[in-house]
Amino acid sequence: GLVSAFTIKKQVFPDIELNLLQVQVPYLGAAPQEVEEGVVFKIEEAIEGLDGIRKVTSTASEGFASVTIEVASEFDPQVVLDEVKMRVDAIPSFPDNIEKPTIRRIRPTNDVMWIALYGDVSEKLLKETAKDIRDEIAAMDGISNVQVMGARPYEVAIEVAEHELQAYGMTLDDLVNAIRRSSIDLPGGSIKTENGDILL
């Protein structure tokens with residue numbers, strides 16, 4: 001026991017390997033039922049019967065499809081990943097307006113450090129300072145992900161006088177729809193780096 005205590009491998013942050021793969025497909029503007037029928041079902045059919053797949057869990061939400069694949073322990077996840085990529089890329093009947101599927105292996109990350117900011121300053125200054133610290137830490141070697149937590153998102157308030165809307169022949173609904181059309185949050189895929197993937 002004493003010998004083992006000094007020779008056994010010890011890690012503060014142990015490496016954990018998950019045999020999980022994930023297929024993600026943005027389908028902007030589609031209802032969950034459309035996502036399920038147009039994307040999820042077709043992915044499930046394409047990978048059905050593939051050796052090494054132990055379990056498949058799918059989620060269809062508004063504008064987004066996610067299929068998580070659990071690989072059996074006796075199979076190499078990378079080999080199964082390559083086969084899943086080939087089968088998904090070969091699906092000919094995806095809807096025209098989906099974005100390119102993202103197929104990756106899920107790798108766990110370790111939380112190494114938490115930094116709390118406080119002070120007798122405005123919430124905006126605290127948030128901007130947190131972002132500056134985040135950017136400095138993210139630029140360090142070996143850091144794959146840094147997030148700002150607990151900060152409320154920015155809001156934009158728009159006030160328009162009714163007589164100004166009438167001067168342009170617009171209603172409040174016209175203004176709302178114009179803002180909605182020009183304010184779109186689109187996923188831009190991901191960038192692969194040595195320290196992990198960066199989602200855009």
# chains A, B, ... in the order shown; residues from 1 in each chain; ligands from 1
$ closest_atom_pairs --of "stretch 79-193 of chain A" --to "stretch 58-70 of chain A" --cutoff "10 Å" --atoms "only C-alpha atoms" --output "JSON lines"
{"residue": "A:Val80", "atom": "CA", "partner": "A:Ile69", "partner_atom": "CA", "distance": 9.6}
{"residue": "A:Leu81", "atom": "CA", "partner": "A:Ile69", "partner_atom": "CA", "distance": 9.4}
{"residue": "A:Val84", "atom": "CA", "partner": "A:Ile69", "partner_atom": "CA", "distance": 9.5}
{"residue": "A:Ile98", "atom": "CA", "partner": "A:Gly63", "partner_atom": "CA", "distance": 9.0}
{"residue": "A:Glu99", "atom": "CA", "partner": "A:Phe64", "partner_atom": "CA", "distance": 9.8}
{"residue": "A:Pro101", "atom": "CA", "partner": "A:Ala65", "partner_atom": "CA", "distance": 9.3}
{"residue": "A:Thr102", "atom": "CA", "partner": "A:Ser66", "partner_atom": "CA", "distance": 9.6}
{"residue": "A:Ile103", "atom": "CA", "partner": "A:Val67", "partner_atom": "CA", "distance": 9.4}
{"residue": "A:Arg104", "atom": "CA", "partner": "A:Thr68", "partner_atom": "CA", "distance": 9.9}
{"residue": "A:Arg105", "atom": "CA", "partner": "A:Ile69", "partner_atom": "CA", "distance": 9.3}
{"residue": "A:Ile106", "atom": "CA", "partner": "A:Thr68", "partner_atom": "CA", "distance": 9.1}
$ residues_around --residues "A:Ile158" --least-positions-apart "6" --cutoff "12 Å" --atoms "only C-alpha atoms" --output "PDB file with C-alpha atoms, in the first residue's frame"
ATOM      1  CA  LEU A 172     -45.426  50.416 -35.328  1.00  0.00           C
ATOM      2  CA  LEU A 175     -41.007  49.295 -37.718  1.00  0.00           C
ATOM      3  CA  VAL A 176     -40.884  46.120 -35.589  1.00  0.00           C
ATOM      4  CA  ILE A 179     -35.855  45.772 -37.135  1.00  0.00           C
TER       5      ILE A 179
END
$ closest_residue --among "A:Arg134, A:Lys127, A:Lys55, A:Lys42" --to "A:Pro153" --atoms "only C-alpha atoms"
A:Lys127
$ atom_distance --atom1 "atom CA of A:Asp96" --atom2 "atom CA of A:Gly49"
26.4 Å
$ closest_atom_pairs --of "stretch 68-113 of chain A" --to "stretch 33-38 of chain A" --cutoff "10 Å" --atoms "only C-alpha atoms" --output "CSV"
residue,atom,partner,partner_atom,distance
A:Ser93,CA,A:Gly38,CA,8.2
A:Phe94,CA,A:Gly38,CA,6.3
A:Pro95,CA,A:Gly38,CA,6.3
A:Ile98,CA,A:Gly38,CA,9.4
$ residues_around --residues "A:Val56" --least-positions-apart "6" --cutoff "12 Å" --atoms "only C-alpha atoms" --output "PDB file with all heavy atoms, in the first residue's frame"
ATOM      1  N   LEU A  20     -18.418   9.858 -27.303  1.00  0.00           N
ATOM      2  CA  LEU A  20     -19.615  10.508 -27.823  1.00  0.00           C
ATOM      3  C   LEU A  20     -19.283  11.333 -29.056  1.00  0.00           C
ATOM      4  O   LEU A  20     -18.281  12.049 -29.087  1.00  0.00           O
ATOM      5  CB  LEU A  20     -20.235  11.427 -26.763  1.00  0.00           C
ATOM      6  CG  LEU A  20     -20.799  10.774 -25.495  1.00  0.00           C
ATOM      7  CD1 LEU A  20     -21.282  11.836 -24.523  1.00  0.00           C
ATOM      8  CD2 LEU A  20     -21.937   9.827 -25.834  1.00  0.00           C
ATOM      9  N   LEU A  21     -20.140  11.222 -30.053  1.00  0.00           N
ATOM     10  CA  LEU A  21     -20.036  12.026 -31.271  1.00  0.00           C
ATOM     11  C   LEU A  21     -21.291  12.886 -31.359  1.00  0.00           C
ATOM     12  O   LEU A  21     -22.341  12.526 -30.826  1.00  0.00           O
ATOM     13  CB  LEU A  21     -19.931  11.134 -32.509  1.00  0.00           C
ATOM     14  CG  LEU A  21     -18.931   9.985 -32.466  1.00  0.00           C
ATOM     15  CD1 LEU A  21     -19.016   9.171 -33.756  1.00  0.00           C
ATOM     16  CD2 LEU A  21     -17.519  10.498 -32.254  1.00  0.00           C
ATOM     17  N   GLN A  22     -21.173  14.010 -32.052  1.00  0.00           N
ATOM     18  CA  GLN A  22     -22.333  14.888 -32.177  1.00  0.00           C
ATOM     19  C   GLN A  22     -22.440  15.432 -33.591  1.00  0.00           C
ATOM     20  O   GLN A  22     -21.446  15.872 -34.172  1.00  0.00           O
ATOM     21  CB  GLN A  22     -22.240  16.030 -31.170  1.00  0.00           C
ATOM     22  CG  GLN A  22     -23.519  16.843 -31.058  1.00  0.00           C
ATOM     23  CD  GLN A  22     -23.473  17.796 -29.877  1.00  0.00           C
ATOM     24  OE1 GLN A  22     -22.582  18.629 -29.786  1.00  0.00           O
ATOM     25  NE2 GLN A  22     -24.429  17.676 -28.964  1.00  0.00           N
ATOM     26  N   VAL A  23     -23.659  15.382 -34.118  1.00  0.00           N
ATOM     27  CA  VAL A  23     -23.972  15.971 -35.423  1.00  0.00           C
ATOM     28  C   VAL A  23     -24.923  17.131 -35.165  1.00  0.00           C
ATOM     29  O   VAL A  23     -25.997  16.944 -34.586  1.00  0.00           O
ATOM     30  CB  VAL A  23     -24.640  14.946 -36.368  1.00  0.00           C
ATOM     31  CG1 VAL A  23     -24.901  15.580 -37.731  1.00  0.00           C
ATOM     32  CG2 VAL A  23     -23.789  13.698 -36.502  1.00  0.00           C
ATOM     33  N   VAL A  40     -33.461  15.406 -38.721  1.00  0.00           N
ATOM     34  CA  VAL A  40     -33.167  14.375 -37.711  1.00  0.00           C
ATOM     35  C   VAL A  40     -33.458  12.980 -38.240  1.00  0.00           C
ATOM     36  O   VAL A  40     -32.615  12.074 -38.138  1.00  0.00           O
ATOM     37  CB  VAL A  40     -33.961  14.648 -36.418  1.00  0.00           C
ATOM     38  CG1 VAL A  40     -33.837  13.463 -35.465  1.00  0.00           C
ATOM     39  CG2 VAL A  40     -33.451  15.908 -35.736  1.00  0.00           C
ATOM     40  N   PHE A  41     -34.652  12.772 -38.797  1.00  0.00           N
ATOM     41  CA  PHE A  41     -35.012  11.445 -39.295  1.00  0.00           C
ATOM     42  C   PHE A  41     -34.032  10.961 -40.369  1.00  0.00           C
ATOM     43  O   PHE A  41     -33.663   9.788 -40.411  1.00  0.00           O
ATOM     44  CB  PHE A  41     -36.438  11.444 -39.858  1.00  0.00           C
ATOM     45  CG  PHE A  41     -37.513  11.477 -38.804  1.00  0.00           C
ATOM     46  CD1 PHE A  41     -38.819  11.812 -39.134  1.00  0.00           C
ATOM     47  CD2 PHE A  41     -37.225  11.201 -37.478  1.00  0.00           C
ATOM     48  CE1 PHE A  41     -39.815  11.853 -38.165  1.00  0.00           C
ATOM     49  CE2 PHE A  41     -38.212  11.234 -36.495  1.00  0.00           C
ATOM     50  CZ  PHE A  41     -39.513  11.569 -36.851  1.00  0.00           C
ATOM     51  N   ILE A  43     -30.833  11.822 -40.779  1.00  0.00           N
ATOM     52  CA  ILE A  43     -29.545  11.461 -40.181  1.00  0.00           C
ATOM     53  C   ILE A  43     -29.650  10.103 -39.502  1.00  0.00           C
ATOM     54  O   ILE A  43     -28.765   9.245 -39.650  1.00  0.00           O
ATOM     55  CB  ILE A  43     -29.097  12.545 -39.179  1.00  0.00           C
ATOM     56  CG1 ILE A  43     -28.775  13.842 -39.918  1.00  0.00           C
ATOM     57  CG2 ILE A  43     -27.876  12.065 -38.388  1.00  0.00           C
ATOM     58  CD1 ILE A  43     -28.451  15.007 -38.992  1.00  0.00           C
ATOM     59  N   GLU A  44     -30.728   9.895 -38.754  1.00  0.00           N
ATOM     60  CA  GLU A  44     -30.909   8.618 -38.063  1.00  0.00           C
ATOM     61  C   GLU A  44     -30.981   7.453 -39.055  1.00  0.00           C
ATOM     62  O   GLU A  44     -30.411   6.378 -38.814  1.00  0.00           O
ATOM     63  CB  GLU A  44     -32.176   8.660 -37.207  1.00  0.00           C
ATOM     64  CG  GLU A  44     -32.060   9.563 -35.993  1.00  0.00           C
ATOM     65  CD  GLU A  44     -33.350   9.671 -35.205  1.00  0.00           C
ATOM     66  OE1 GLU A  44     -34.422   9.294 -35.740  1.00  0.00           O
ATOM     67  OE2 GLU A  44     -33.292  10.133 -34.056  1.00  0.00           O
ATOM     68  N   GLU A  45     -31.671   7.655 -40.165  1.00  0.00           N
ATOM     69  CA  GLU A  45     -31.755   6.609 -41.198  1.00  0.00           C
ATOM     70  C   GLU A  45     -30.388   6.340 -41.824  1.00  0.00           C
ATOM     71  O   GLU A  45     -30.034   5.196 -42.109  1.00  0.00           O
ATOM     72  CB  GLU A  45     -32.757   7.017 -42.275  1.00  0.00           C
ATOM     73  CG  GLU A  45     -34.202   6.996 -41.815  1.00  0.00           C
ATOM     74  CD  GLU A  45     -35.151   7.581 -42.851  1.00  0.00           C
ATOM     75  OE1 GLU A  45     -34.665   7.917 -43.973  1.00  0.00           O
ATOM     76  OE2 GLU A  45     -36.344   7.720 -42.557  1.00  0.00           O
ATOM     77  N   ILE A  47     -27.367   6.656 -40.531  1.00  0.00           N
ATOM     78  CA  ILE A  47     -26.381   5.984 -39.661  1.00  0.00           C
ATOM     79  C   ILE A  47     -26.922   4.686 -39.062  1.00  0.00           C
ATOM     80  O   ILE A  47     -26.203   4.002 -38.326  1.00  0.00           O
ATOM     81  CB  ILE A  47     -25.911   6.917 -38.526  1.00  0.00           C
ATOM     82  CG1 ILE A  47     -27.070   7.291 -37.601  1.00  0.00           C
ATOM     83  CG2 ILE A  47     -25.258   8.171 -39.098  1.00  0.00           C
ATOM     84  CD1 ILE A  47     -26.659   8.131 -36.402  1.00  0.00           C
ATOM     85  N   GLU A  48     -28.160   4.353 -39.381  1.00  0.00           N
ATOM     86  CA  GLU A  48     -28.751   3.123 -38.834  1.00  0.00           C
ATOM     87  C   GLU A  48     -27.961   1.902 -39.314  1.00  0.00           C
ATOM     88  O   GLU A  48     -27.616   1.774 -40.488  1.00  0.00           O
ATOM     89  CB  GLU A  48     -30.212   3.005 -39.281  1.00  0.00           C
ATOM     90  CG  GLU A  48     -30.948   1.843 -38.644  1.00  0.00           C
ATOM     91  CD  GLU A  48     -32.420   1.798 -39.045  1.00  0.00           C
ATOM     92  OE1 GLU A  48     -32.847   2.682 -39.822  1.00  0.00           O
ATOM     93  OE2 GLU A  48     -33.124   0.898 -38.589  1.00  0.00           O
ATOM     94  N   GLY A  49     -27.677   1.011 -38.387  1.00  0.00           N
ATOM     95  CA  GLY A  49     -26.957  -0.212 -38.723  1.00  0.00           C
ATOM     96  C   GLY A  49     -25.448  -0.064 -38.781  1.00  0.00           C
ATOM     97  O   GLY A  49     -24.733  -1.017 -39.076  1.00  0.00           O
ATOM     98  N   LEU A  50     -24.924   1.134 -38.501  1.00  0.00           N
ATOM     99  CA  LEU A  50     -23.485   1.358 -38.531  1.00  0.00           C
ATOM    100  C   LEU A  50     -22.816   0.665 -37.352  1.00  0.00           C
ATOM    101  O   LEU A  50     -23.247   0.816 -36.207  1.00  0.00           O
ATOM    102  CB  LEU A  50     -23.197   2.864 -38.499  1.00  0.00           C
ATOM    103  CG  LEU A  50     -21.738   3.304 -38.548  1.00  0.00           C
ATOM    104  CD1 LEU A  50     -21.078   2.855 -39.843  1.00  0.00           C
ATOM    105  CD2 LEU A  50     -21.643   4.816 -38.414  1.00  0.00           C
ATOM    106  N   SER A  66     -29.846  18.363 -33.436  1.00  0.00           N
ATOM    107  CA  SER A  66     -28.669  17.804 -32.779  1.00  0.00           C
ATOM    108  C   SER A  66     -28.863  16.301 -32.601  1.00  0.00           C
ATOM    109  O   SER A  66     -29.892  15.866 -32.083  1.00  0.00           O
ATOM    110  CB  SER A  66     -28.441  18.470 -31.420  1.00  0.00           C
ATOM    111  OG  SER A  66     -27.349  17.866 -30.744  1.00  0.00           O
ATOM    112  N   VAL A  67     -27.874  15.530 -33.044  1.00  0.00           N
ATOM    113  CA  VAL A  67     -27.906  14.074 -32.892  1.00  0.00           C
ATOM    114  C   VAL A  67     -26.630  13.658 -32.167  1.00  0.00           C
ATOM    115  O   VAL A  67     -25.534  13.899 -32.662  1.00  0.00           O
ATOM    116  CB  VAL A  67     -28.004  13.356 -34.260  1.00  0.00           C
ATOM    117  CG1 VAL A  67     -27.995  11.847 -34.068  1.00  0.00           C
ATOM    118  CG2 VAL A  67     -29.252  13.797 -35.014  1.00  0.00           C
ATOM    119  N   THR A  68     -26.797  13.054 -30.987  1.00  0.00           N
ATOM    120  CA  THR A  68     -25.657  12.599 -30.198  1.00  0.00           C
ATOM    121  C   THR A  68     -25.540  11.083 -30.321  1.00  0.00           C
ATOM    122  O   THR A  68     -26.525  10.366 -30.138  1.00  0.00           O
ATOM    123  CB  THR A  68     -25.815  13.000 -28.715  1.00  0.00           C
ATOM    124  OG1 THR A  68     -25.960  14.418 -28.632  1.00  0.00           O
ATOM    125  CG2 THR A  68     -24.603  12.571 -27.905  1.00  0.00           C
ATOM    126  N   ILE A  69     -24.329  10.622 -30.637  1.00  0.00           N
ATOM    127  CA  ILE A  69     -24.086   9.202 -30.892  1.00  0.00           C
ATOM    128  C   ILE A  69     -23.114   8.671 -29.854  1.00  0.00           C
ATOM    129  O   ILE A  69     -22.009   9.195 -29.699  1.00  0.00           O
ATOM    130  CB  ILE A  69     -23.502   9.006 -32.306  1.00  0.00           C
ATOM    131  CG1 ILE A  69     -24.457   9.566 -33.353  1.00  0.00           C
ATOM    132  CG2 ILE A  69     -23.188   7.536 -32.563  1.00  0.00           C
ATOM    133  CD1 ILE A  69     -23.821   9.805 -34.703  1.00  0.00           C
ATOM    134  N   GLU A  70     -23.530   7.629 -29.144  1.00  0.00           N
ATOM    135  CA  GLU A  70     -22.650   6.982 -28.168  1.00  0.00           C
ATOM    136  C   GLU A  70     -21.981   5.785 -28.847  1.00  0.00           C
ATOM    137  O   GLU A  70     -22.654   4.920 -29.407  1.00  0.00           O
ATOM    138  CB  GLU A  70     -23.437   6.526 -26.946  1.00  0.00           C
ATOM    139  CG  GLU A  70     -22.573   5.902 -25.874  1.00  0.00           C
ATOM    140  CD  GLU A  70     -23.360   5.491 -24.648  1.00  0.00           C
ATOM    141  OE1 GLU A  70     -24.524   5.935 -24.498  1.00  0.00           O
ATOM    142  OE2 GLU A  70     -22.819   4.711 -23.833  1.00  0.00           O
ATOM    143  N   VAL A  71     -20.645   5.772 -28.810  1.00  0.00           N
ATOM    144  CA  VAL A  71     -19.878   4.710 -29.465  1.00  0.00           C
ATOM    145  C   VAL A  71     -19.582   3.601 -28.463  1.00  0.00           C
ATOM    146  O   VAL A  71     -19.200   3.879 -27.312  1.00  0.00           O
ATOM    147  CB  VAL A  71     -18.558   5.280 -30.036  1.00  0.00           C
ATOM    148  CG1 VAL A  71     -17.743   4.176 -30.708  1.00  0.00           C
ATOM    149  CG2 VAL A  71     -18.845   6.410 -31.022  1.00  0.00           C
ATOM    150  N   ALA A  72     -19.747   2.354 -28.876  1.00  0.00           N
ATOM    151  CA  ALA A  72     -19.455   1.211 -28.011  1.00  0.00           C
ATOM    152  C   ALA A  72     -17.977   1.218 -27.618  1.00  0.00           C
ATOM    153  O   ALA A  72     -17.114   1.612 -28.408  1.00  0.00           O
ATOM    154  CB  ALA A  72     -19.815  -0.088 -28.713  1.00  0.00           C
TER     155      ALA A  72
END
$ select_by_dssp --residues "stretch 31-140 of chain A" --states "strand (DSSP E)" --output "ChimeraX atom specification"
/A:53-61,64-71,102-105
$ atom_distance --atom1 "atom CA of A:Lys131" --atom2 "atom CA of A:Gln147"
8.6 Å
$ decode --residues "stretch 58-75 of chain A" --atoms "N, CA, C and O atoms" --output "PDB file, in the first residue's frame"
ATOM      1  N   SER A  58     -31.491  12.106 -30.160  1.00  0.00           N
ATOM      2  CA  SER A  58     -31.709  13.230 -31.077  1.00  0.00           C
ATOM      3  C   SER A  58     -32.572  14.306 -30.434  1.00  0.00           C
ATOM      4  O   SER A  58     -33.460  14.003 -29.629  1.00  0.00           O
ATOM      5  N   THR A  59     -32.294  15.551 -30.819  1.00  0.00           N
ATOM      6  CA  THR A  59     -33.083  16.691 -30.338  1.00  0.00           C
ATOM      7  C   THR A  59     -33.401  17.600 -31.519  1.00  0.00           C
ATOM      8  O   THR A  59     -32.502  17.978 -32.272  1.00  0.00           O
ATOM      9  N   ALA A  60     -34.672  17.925 -31.679  1.00  0.00           N
ATOM     10  CA  ALA A  60     -35.108  18.863 -32.720  1.00  0.00           C
ATOM     11  C   ALA A  60     -35.712  20.069 -32.031  1.00  0.00           C
ATOM     12  O   ALA A  60     -36.703  19.949 -31.319  1.00  0.00           O
ATOM     13  N   SER A  61     -35.096  21.221 -32.209  1.00  0.00           N
ATOM     14  CA  SER A  61     -35.621  22.452 -31.636  1.00  0.00           C
ATOM     15  C   SER A  61     -35.823  23.458 -32.762  1.00  0.00           C
ATOM     16  O   SER A  61     -35.519  23.172 -33.919  1.00  0.00           O
ATOM     17  N   GLU A  62     -36.318  24.613 -32.433  1.00  0.00           N
ATOM     18  CA  GLU A  62     -36.594  25.604 -33.468  1.00  0.00           C
ATOM     19  C   GLU A  62     -35.298  26.057 -34.141  1.00  0.00           C
ATOM     20  O   GLU A  62     -34.412  26.621 -33.512  1.00  0.00           O
ATOM     21  N   GLY A  63     -35.168  25.747 -35.427  1.00  0.00           N
ATOM     22  CA  GLY A  63     -34.007  26.174 -36.203  1.00  0.00           C
ATOM     23  C   GLY A  63     -32.733  25.383 -35.975  1.00  0.00           C
ATOM     24  O   GLY A  63     -31.666  25.792 -36.437  1.00  0.00           O
ATOM     25  N   PHE A  64     -32.826  24.231 -35.284  1.00  0.00           N
ATOM     26  CA  PHE A  64     -31.577  23.521 -34.971  1.00  0.00           C
ATOM     27  C   PHE A  64     -31.842  22.044 -34.709  1.00  0.00           C
ATOM     28  O   PHE A  64     -32.804  21.679 -34.042  1.00  0.00           O
ATOM     29  N   ALA A  65     -30.952  21.195 -35.250  1.00  0.00           N
ATOM     30  CA  ALA A  65     -31.029  19.751 -35.019  1.00  0.00           C
ATOM     31  C   ALA A  65     -29.727  19.264 -34.401  1.00  0.00           C
ATOM     32  O   ALA A  65     -28.640  19.709 -34.779  1.00  0.00           O
ATOM     33  N   SER A  66     -29.846  18.363 -33.436  1.00  0.00           N
ATOM     34  CA  SER A  66     -28.669  17.804 -32.779  1.00  0.00           C
ATOM     35  C   SER A  66     -28.863  16.301 -32.601  1.00  0.00           C
ATOM     36  O   SER A  66     -29.892  15.866 -32.083  1.00  0.00           O
ATOM     37  N   VAL A  67     -27.874  15.530 -33.044  1.00  0.00           N
ATOM     38  CA  VAL A  67     -27.906  14.074 -32.892  1.00  0.00           C
ATOM     39  C   VAL A  67     -26.630  13.658 -32.167  1.00  0.00           C
ATOM     40  O   VAL A  67     -25.534  13.899 -32.662  1.00  0.00           O
ATOM     41  N   THR A  68     -26.797  13.054 -30.987  1.00  0.00           N
ATOM     42  CA  THR A  68     -25.657  12.599 -30.198  1.00  0.00           C
ATOM     43  C   THR A  68     -25.540  11.083 -30.321  1.00  0.00           C
ATOM     44  O   THR A  68     -26.525  10.366 -30.138  1.00  0.00           O
ATOM     45  N   ILE A  69     -24.329  10.622 -30.637  1.00  0.00           N
ATOM     46  CA  ILE A  69     -24.086   9.202 -30.892  1.00  0.00           C
ATOM     47  C   ILE A  69     -23.114   8.671 -29.854  1.00  0.00           C
ATOM     48  O   ILE A  69     -22.009   9.195 -29.699  1.00  0.00           O
ATOM     49  N   GLU A  70     -23.530   7.629 -29.144  1.00  0.00           N
ATOM     50  CA  GLU A  70     -22.650   6.982 -28.168  1.00  0.00           C
ATOM     51  C   GLU A  70     -21.981   5.785 -28.847  1.00  0.00           C
ATOM     52  O   GLU A  70     -22.654   4.920 -29.407  1.00  0.00           O
ATOM     53  N   VAL A  71     -20.645   5.772 -28.810  1.00  0.00           N
ATOM     54  CA  VAL A  71     -19.878   4.710 -29.465  1.00  0.00           C
ATOM     55  C   VAL A  71     -19.582   3.601 -28.463  1.00  0.00           C
ATOM     56  O   VAL A  71     -19.200   3.879 -27.312  1.00  0.00           O
ATOM     57  N   ALA A  72     -19.747   2.354 -28.876  1.00  0.00           N
ATOM     58  CA  ALA A  72     -19.455   1.211 -28.011  1.00  0.00           C
ATOM     59  C   ALA A  72     -17.977   1.218 -27.618  1.00  0.00           C
ATOM     60  O   ALA A  72     -17.114   1.612 -28.408  1.00  0.00           O
ATOM     61  N   SER A  73     -17.686   0.775 -26.404  1.00  0.00           N
ATOM     62  CA  SER A  73     -16.335   0.882 -25.847  1.00  0.00           C
ATOM     63  C   SER A  73     -15.292   0.111 -26.639  1.00  0.00           C
ATOM     64  O   SER A  73     -14.116   0.463 -26.640  1.00  0.00           O
ATOM     65  N   GLU A  74     -15.704  -0.955 -27.335  1.00  0.00           N
ATOM     66  CA  GLU A  74     -14.722  -1.756 -28.067  1.00  0.00           C
ATOM     67  C   GLU A  74     -14.398  -1.198 -29.453  1.00  0.00           C
ATOM     68  O   GLU A  74     -13.583  -1.771 -30.188  1.00  0.00           O
ATOM     69  N   PHE A  75     -15.007  -0.078 -29.816  1.00  0.00           N
ATOM     70  CA  PHE A  75     -14.768   0.528 -31.127  1.00  0.00           C
ATOM     71  C   PHE A  75     -13.995   1.832 -30.967  1.00  0.00           C
ATOM     72  O   PHE A  75     -14.114   2.528 -29.959  1.00  0.00           O
TER      73      PHE A  75
END
